[in-house]
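Beneath this line is the structure, given in structure tokens, with notes to follow.
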Amino acid sequence: AWPRSRAVVAARAAGLAPPPQSVYPDVADAEGLARSCAEGRSLGFLGRTAIHPCQLDAIVRAYLPTREEIEAAEEVMAATAANGTGALALPDGRFVDAAIVAGARRTLALARRRR
């Protein structure tokens, strides 16, 4: 996990988008692919390369934002629109800064790809 995490951190430090994961070689192991994608997403990867079309649905499901993530991003963007830029707190007390706003924008951009 360390080298993979290092790739994610290096990309972010360079101002780049999160990198995709490399291929999952076992095209017959859909459950393993889903687990591996979930692990990669938790490390900060965004997407994955595939070696066979049968892998695409699992990859898309793993990396597109959930309904809860979309709702949280919409809440952040609404608070930002109402209160301007800079640091602010959401009604539930969560702190929002520029990095959180950037993440919310990325989440909503990914959600639009689902449609």
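Each chain in the structure tokens gets a letter, A, B and so on, in the order shown; residues start at 1 in every chain, and ligands are counted from 1 in the order they appear.
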
Open item on the list: I want to know what sits within 8 Å of range 1-9 of chain A, based on only C-alpha atoms, with residues of the same chain fewer than 5 positions away left out; could you give that as a VMD selection string?
Closed with: chain A and resid 18 to 19 43 to 45

Based on the selection just made, write N, CA and C atoms of those residues as a PDB file, in the first residue's frame.
ATOM      1  N   PRO A  18      -6.063  12.923  -8.980  1.00  0.00           N
ATOM      2  CA  PRO A  18      -5.682  11.611  -8.460  1.00  0.00           C
ATOM      3  C   PRO A  18      -5.442  10.626  -9.608  1.00  0.00           C
ATOM      4  N   PRO A  19      -4.437   9.784  -9.494  1.00  0.00           N
ATOM      5  CA  PRO A  19      -4.149   8.836 -10.572  1.00  0.00           C
ATOM      6  C   PRO A  19      -5.125   7.663 -10.566  1.00  0.00           C
ATOM      7  N   LEU A  43      -7.472   4.601  -0.800  1.00  0.00           N
ATOM      8  CA  LEU A  43      -6.117   5.151  -0.826  1.00  0.00           C
ATOM      9  C   LEU A  43      -6.037   6.474  -1.572  1.00  0.00           C
ATOM     10  N   GLY A  44      -7.106   6.822  -2.310  1.00  0.00           N
ATOM     11  CA  GLY A  44      -7.121   8.093  -3.020  1.00  0.00           C
ATOM     12  C   GLY A  44      -7.031   7.998  -4.527  1.00  0.00           C
ATOM     13  N   PHE A  45      -7.041   6.788  -5.074  1.00  0.00           N
ATOM     14  CA  PHE A  45      -7.049   6.648  -6.529  1.00  0.00           C
ATOM     15  C   PHE A  45      -8.407   7.073  -7.074  1.00  0.00           C
TER      16      PHE A  45
END

- [ ] Would you return as a PyMOL selection string the members of range 40-105 of chain A that DSSP assigns to helix (DSSP H, G or I) on this structure's backbone?
- [x] chain A and resi 40-43+53-63+67-83+98-105

Non-local contacts of Leu108 in chain A (10 Å; only C-alpha atoms; under 5 positions in same chain excluded) as a PDB file with C-alpha atoms, in the first residue's frame:
ATOM      1  CA  LEU A  64     -18.583   7.139  -9.042  1.00  0.00           C
ATOM      2  CA  PRO A  65     -19.796   8.983  -5.944  1.00  0.00           C
ATOM      3  CA  GLU A  69     -21.349  11.770  -1.167  1.00  0.00           C
ATOM      4  CA  ILE A  70     -23.284  13.783  -3.745  1.00  0.00           C
ATOM      5  CA  GLU A  71     -25.612  15.198  -1.095  1.00  0.00           C
ATOM      6  CA  ALA A  72     -22.661  16.166   1.122  1.00  0.00           C
ATOM      7  CA  ALA A  73     -20.935  17.870  -1.817  1.00  0.00           C
ATOM      8  CA  GLU A  74     -24.116  19.762  -2.684  1.00  0.00           C
ATOM      9  CA  MET A  77     -21.367  24.048  -2.436  1.00  0.00           C
ATOM     10  CA  GLY A 103     -13.286  17.903  -3.297  1.00  0.00           C
ATOM     11  CA  ARG A 113     -20.731  11.749 -15.606  1.00  0.00           C
TER      12      ARG A 113
END

TODO: Work out how far apart CA of Arg67 in chain A and CA of Ile51 in chain A are and give it in Å to one decimal.
DONE: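 We find that CA of Arg67 in chain A and CA of Ile51 in chain A lie 28.2 Å from each other.
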
Open item on the list: So, with only C-alpha atoms as the atoms that count, which of A:Thr66, A:Asn83, A:Thr49, A:Gln55 lies closest to Gly32 in chain A?
Closed with: A:Gln55

Open item on the list: as a list in words, please: the residues near Tyr24 in chain A (cut-off 12 Å, only C-alpha atoms, same-chain neighbours under 4 positions excluded).
Closed with: Pro20, Ala28, Asp29, Ala30, Glu31, Gly32, Leu33, Ala34, Arg35, Ser36, Cys37, Gly40, Gly47, Arg48, Thr49, Ala50, Ile51, His52, Cys54, Gln55, Leu56, Ala58 and Ile59 of chain A

Just write the chosen residues, N, CA, C and O atoms, as a tab-separated table (two decimals), in the first residue's frame.
chain	number	residue	atom	x	y	z
A	20	PRO	N	-5.24	6.98	-11.71
A	20	PRO	CA	-6.03	5.75	-11.74
A	20	PRO	C	-5.21	4.57	-11.24
A	20	PRO	O	-3.98	4.60	-11.27
A	28	ALA	N	-11.94	-12.93	-14.51
A	28	ALA	CA	-13.01	-13.81	-14.03
A	28	ALA	C	-13.35	-13.56	-12.56
A	28	ALA	O	-14.30	-14.14	-12.04
A	29	ASP	N	-12.60	-12.71	-11.88
A	29	ASP	CA	-12.80	-12.48	-10.44
A	29	ASP	C	-13.44	-11.11	-10.21
A	29	ASP	O	-12.78	-10.15	-9.81
A	30	ALA	N	-14.74	-11.03	-10.41
A	30	ALA	CA	-15.46	-9.76	-10.24
A	30	ALA	C	-15.44	-9.30	-8.79
A	30	ALA	O	-15.33	-8.10	-8.52
A	31	GLU	N	-15.56	-10.21	-7.85
A	31	GLU	CA	-15.55	-9.83	-6.43
A	31	GLU	C	-14.18	-9.28	-6.02
A	31	GLU	O	-14.08	-8.30	-5.28
A	32	GLY	N	-13.12	-9.92	-6.50
A	32	GLY	CA	-11.77	-9.43	-6.21
A	32	GLY	C	-11.53	-8.06	-6.81
A	32	GLY	O	-10.91	-7.19	-6.19
A	33	LEU	N	-12.04	-7.85	-8.02
A	33	LEU	CA	-11.93	-6.54	-8.66
A	33	LEU	C	-12.65	-5.48	-7.83
A	33	LEU	O	-12.10	-4.41	-7.58
A	34	ALA	N	-13.86	-5.78	-7.38
A	34	ALA	CA	-14.62	-4.82	-6.58
A	34	ALA	C	-13.88	-4.50	-5.28
A	34	ALA	O	-13.79	-3.33	-4.89
A	35	ARG	N	-13.33	-5.51	-4.61
A	35	ARG	CA	-12.57	-5.28	-3.37
A	35	ARG	C	-11.33	-4.42	-3.64
A	35	ARG	O	-11.02	-3.50	-2.90
A	36	SER	N	-10.64	-4.75	-4.72
A	36	SER	CA	-9.43	-4.02	-5.06
A	36	SER	C	-9.74	-2.56	-5.40
A	36	SER	O	-9.01	-1.64	-5.01
A	37	CYS	N	-10.84	-2.33	-6.12
A	37	CYS	CA	-11.25	-0.96	-6.44
A	37	CYS	C	-11.61	-0.20	-5.17
A	37	CYS	O	-11.24	0.98	-5.02
A	40	GLY	N	-8.43	0.72	-3.50
A	40	GLY	CA	-7.77	1.80	-4.23
A	40	GLY	C	-8.45	3.14	-4.02
A	40	GLY	O	-7.79	4.17	-3.83
A	47	GLY	N	-10.48	6.05	-10.33
A	47	GLY	CA	-10.63	5.26	-11.54
A	47	GLY	C	-9.62	4.14	-11.62
A	47	GLY	O	-8.79	3.96	-10.73
A	48	ARG	N	-9.73	3.40	-12.69
A	48	ARG	CA	-8.87	2.24	-12.87
A	48	ARG	C	-8.82	1.90	-14.35
A	48	ARG	O	-9.79	2.04	-15.06
A	49	THR	N	-7.68	1.44	-14.79
A	49	THR	CA	-7.59	0.94	-16.15
A	49	THR	C	-8.13	-0.49	-16.17
A	49	THR	O	-8.06	-1.20	-15.16
A	50	ALA	N	-8.69	-0.88	-17.28
A	50	ALA	CA	-9.28	-2.22	-17.42
A	50	ALA	C	-8.61	-2.95	-18.58
A	50	ALA	O	-8.18	-2.32	-19.54
A	51	ILE	N	-8.57	-4.25	-18.46
A	51	ILE	CA	-8.01	-5.04	-19.56
A	51	ILE	C	-9.11	-5.78	-20.33
A	51	ILE	O	-8.83	-6.40	-21.34
A	52	HIS	N	-10.35	-5.69	-19.84
A	52	HIS	CA	-11.46	-6.34	-20.53
A	52	HIS	C	-12.74	-5.56	-20.25
A	52	HIS	O	-12.94	-5.08	-19.14
A	54	CYS	N	-15.61	-6.52	-19.57
A	54	CYS	CA	-16.43	-7.06	-18.49
A	54	CYS	C	-16.09	-6.43	-17.14
A	54	CYS	O	-16.85	-6.54	-16.19
A	55	GLN	N	-14.97	-5.74	-17.04
A	55	GLN	CA	-14.55	-5.11	-15.79
A	55	GLN	C	-15.12	-3.69	-15.62
A	55	GLN	O	-15.09	-3.15	-14.51
A	56	LEU	N	-15.63	-3.12	-16.67
A	56	LEU	CA	-16.01	-1.71	-16.64
A	56	LEU	C	-17.12	-1.39	-15.65
A	56	LEU	O	-17.04	-0.39	-14.94
A	58	ALA	N	-17.97	-2.80	-12.81
A	58	ALA	CA	-17.47	-2.83	-11.43
A	58	ALA	C	-16.60	-1.62	-11.15
A	58	ALA	O	-16.68	-1.03	-10.06
A	59	ILE	N	-15.80	-1.21	-12.11
A	59	ILE	CA	-14.94	-0.05	-11.92
A	59	ILE	C	-15.77	1.22	-11.80
A	59	ILE	O	-15.55	2.04	-10.91

Open item on the list: Under the rule that only C-alpha atoms are counted, which of A:Ala10, A:Val23, A:Ala38, A:Val76 is the nearest residue to Thr107 in chain A?
Closed with: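 With only C-alpha atoms as the atom set, the closest residue is A:Val76.
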
TODO: Apply DSSP to the backbone of this structure and, from chain A, keep only the residues in strand (DSSP E or B); write these as number ranges by chain.
DONE: A: 21, 48, 88-89, 95-96

Include all heavy atoms and write out the residues we just selected as an mmCIF file, in the first residue's frame.
data_model
loop_
_atom_site.group_PDB
_atom_site.id
_atom_site.type_symbol
_atom_site.label_atom_id
_atom_site.label_comp_id
_atom_site.auth_asym_id
_atom_site.auth_seq_id
_atom_site.Cartn_x
_atom_site.Cartn_y
_atom_site.Cartn_z
ATOM 1 N N GLN A 21 -5.912 3.563 -10.776
ATOM 2 C CA GLN A 21 -5.242 2.319 -10.401
ATOM 3 C C GLN A 21 -4.823 1.588 -11.665
ATOM 4 O O GLN A 21 -5.420 1.750 -12.730
ATOM 5 C CB GLN A 21 -6.210 1.405 -9.650
ATOM 6 C CG GLN A 21 -6.283 1.643 -8.172
ATOM 7 C CD GLN A 21 -7.166 0.595 -7.530
ATOM 8 O OE1 GLN A 21 -8.383 0.684 -7.638
ATOM 9 N NE2 GLN A 21 -6.577 -0.371 -6.855
ATOM 10 N N ARG A 48 -9.732 3.400 -12.694
ATOM 11 C CA ARG A 48 -8.866 2.244 -12.874
ATOM 12 C C ARG A 48 -8.817 1.904 -14.350
ATOM 13 O O ARG A 48 -9.794 2.036 -15.057
ATOM 14 C CB ARG A 48 -9.431 1.066 -12.082
ATOM 15 C CG ARG A 48 -8.630 -0.184 -12.252
ATOM 16 C CD ARG A 48 -9.053 -1.275 -11.324
ATOM 17 N NE ARG A 48 -7.821 -1.924 -10.911
ATOM 18 C CZ ARG A 48 -7.609 -2.465 -9.754
ATOM 19 N NH1 ARG A 48 -8.542 -2.463 -8.839
ATOM 20 N NH2 ARG A 48 -6.469 -3.038 -9.473
ATOM 21 N N LEU A 88 -15.430 28.211 6.457
ATOM 22 C CA LEU A 88 -16.746 28.375 7.058
ATOM 23 C C LEU A 88 -17.151 27.074 7.714
ATOM 24 O O LEU A 88 -16.509 26.050 7.535
ATOM 25 C CB LEU A 88 -17.783 28.799 6.008
ATOM 26 C CG LEU A 88 -17.967 27.864 4.806
ATOM 27 C CD1 LEU A 88 -19.281 27.133 4.933
ATOM 28 C CD2 LEU A 88 -17.919 28.667 3.536
ATOM 29 N N ALA A 89 -18.214 27.123 8.467
ATOM 30 C CA ALA A 89 -18.725 25.921 9.132
ATOM 31 C C ALA A 89 -20.113 25.628 8.596
ATOM 32 O O ALA A 89 -20.915 26.536 8.372
ATOM 33 C CB ALA A 89 -18.773 26.119 10.641
ATOM 34 N N PHE A 95 -16.242 21.820 9.556
ATOM 35 C CA PHE A 95 -15.425 22.890 9.000
ATOM 36 C C PHE A 95 -15.233 22.671 7.510
ATOM 37 O O PHE A 95 -14.999 21.551 7.061
ATOM 38 C CB PHE A 95 -14.074 22.898 9.722
ATOM 39 C CG PHE A 95 -13.157 23.975 9.249
ATOM 40 C CD1 PHE A 95 -13.352 25.290 9.619
ATOM 41 C CD2 PHE A 95 -12.086 23.668 8.444
ATOM 42 C CE1 PHE A 95 -12.491 26.294 9.193
ATOM 43 C CE2 PHE A 95 -11.216 24.652 8.010
ATOM 44 C CZ PHE A 95 -11.418 25.970 8.389
ATOM 45 N N VAL A 96 -15.323 23.740 6.737
ATOM 46 C CA VAL A 96 -15.145 23.677 5.286
ATOM 47 C C VAL A 96 -14.077 24.695 4.899
ATOM 48 O O VAL A 96 -14.172 25.865 5.261
ATOM 49 C CB VAL A 96 -16.474 23.995 4.555
ATOM 50 C CG1 VAL A 96 -16.272 24.066 3.056
ATOM 51 C CG2 VAL A 96 -17.529 22.970 4.910
#
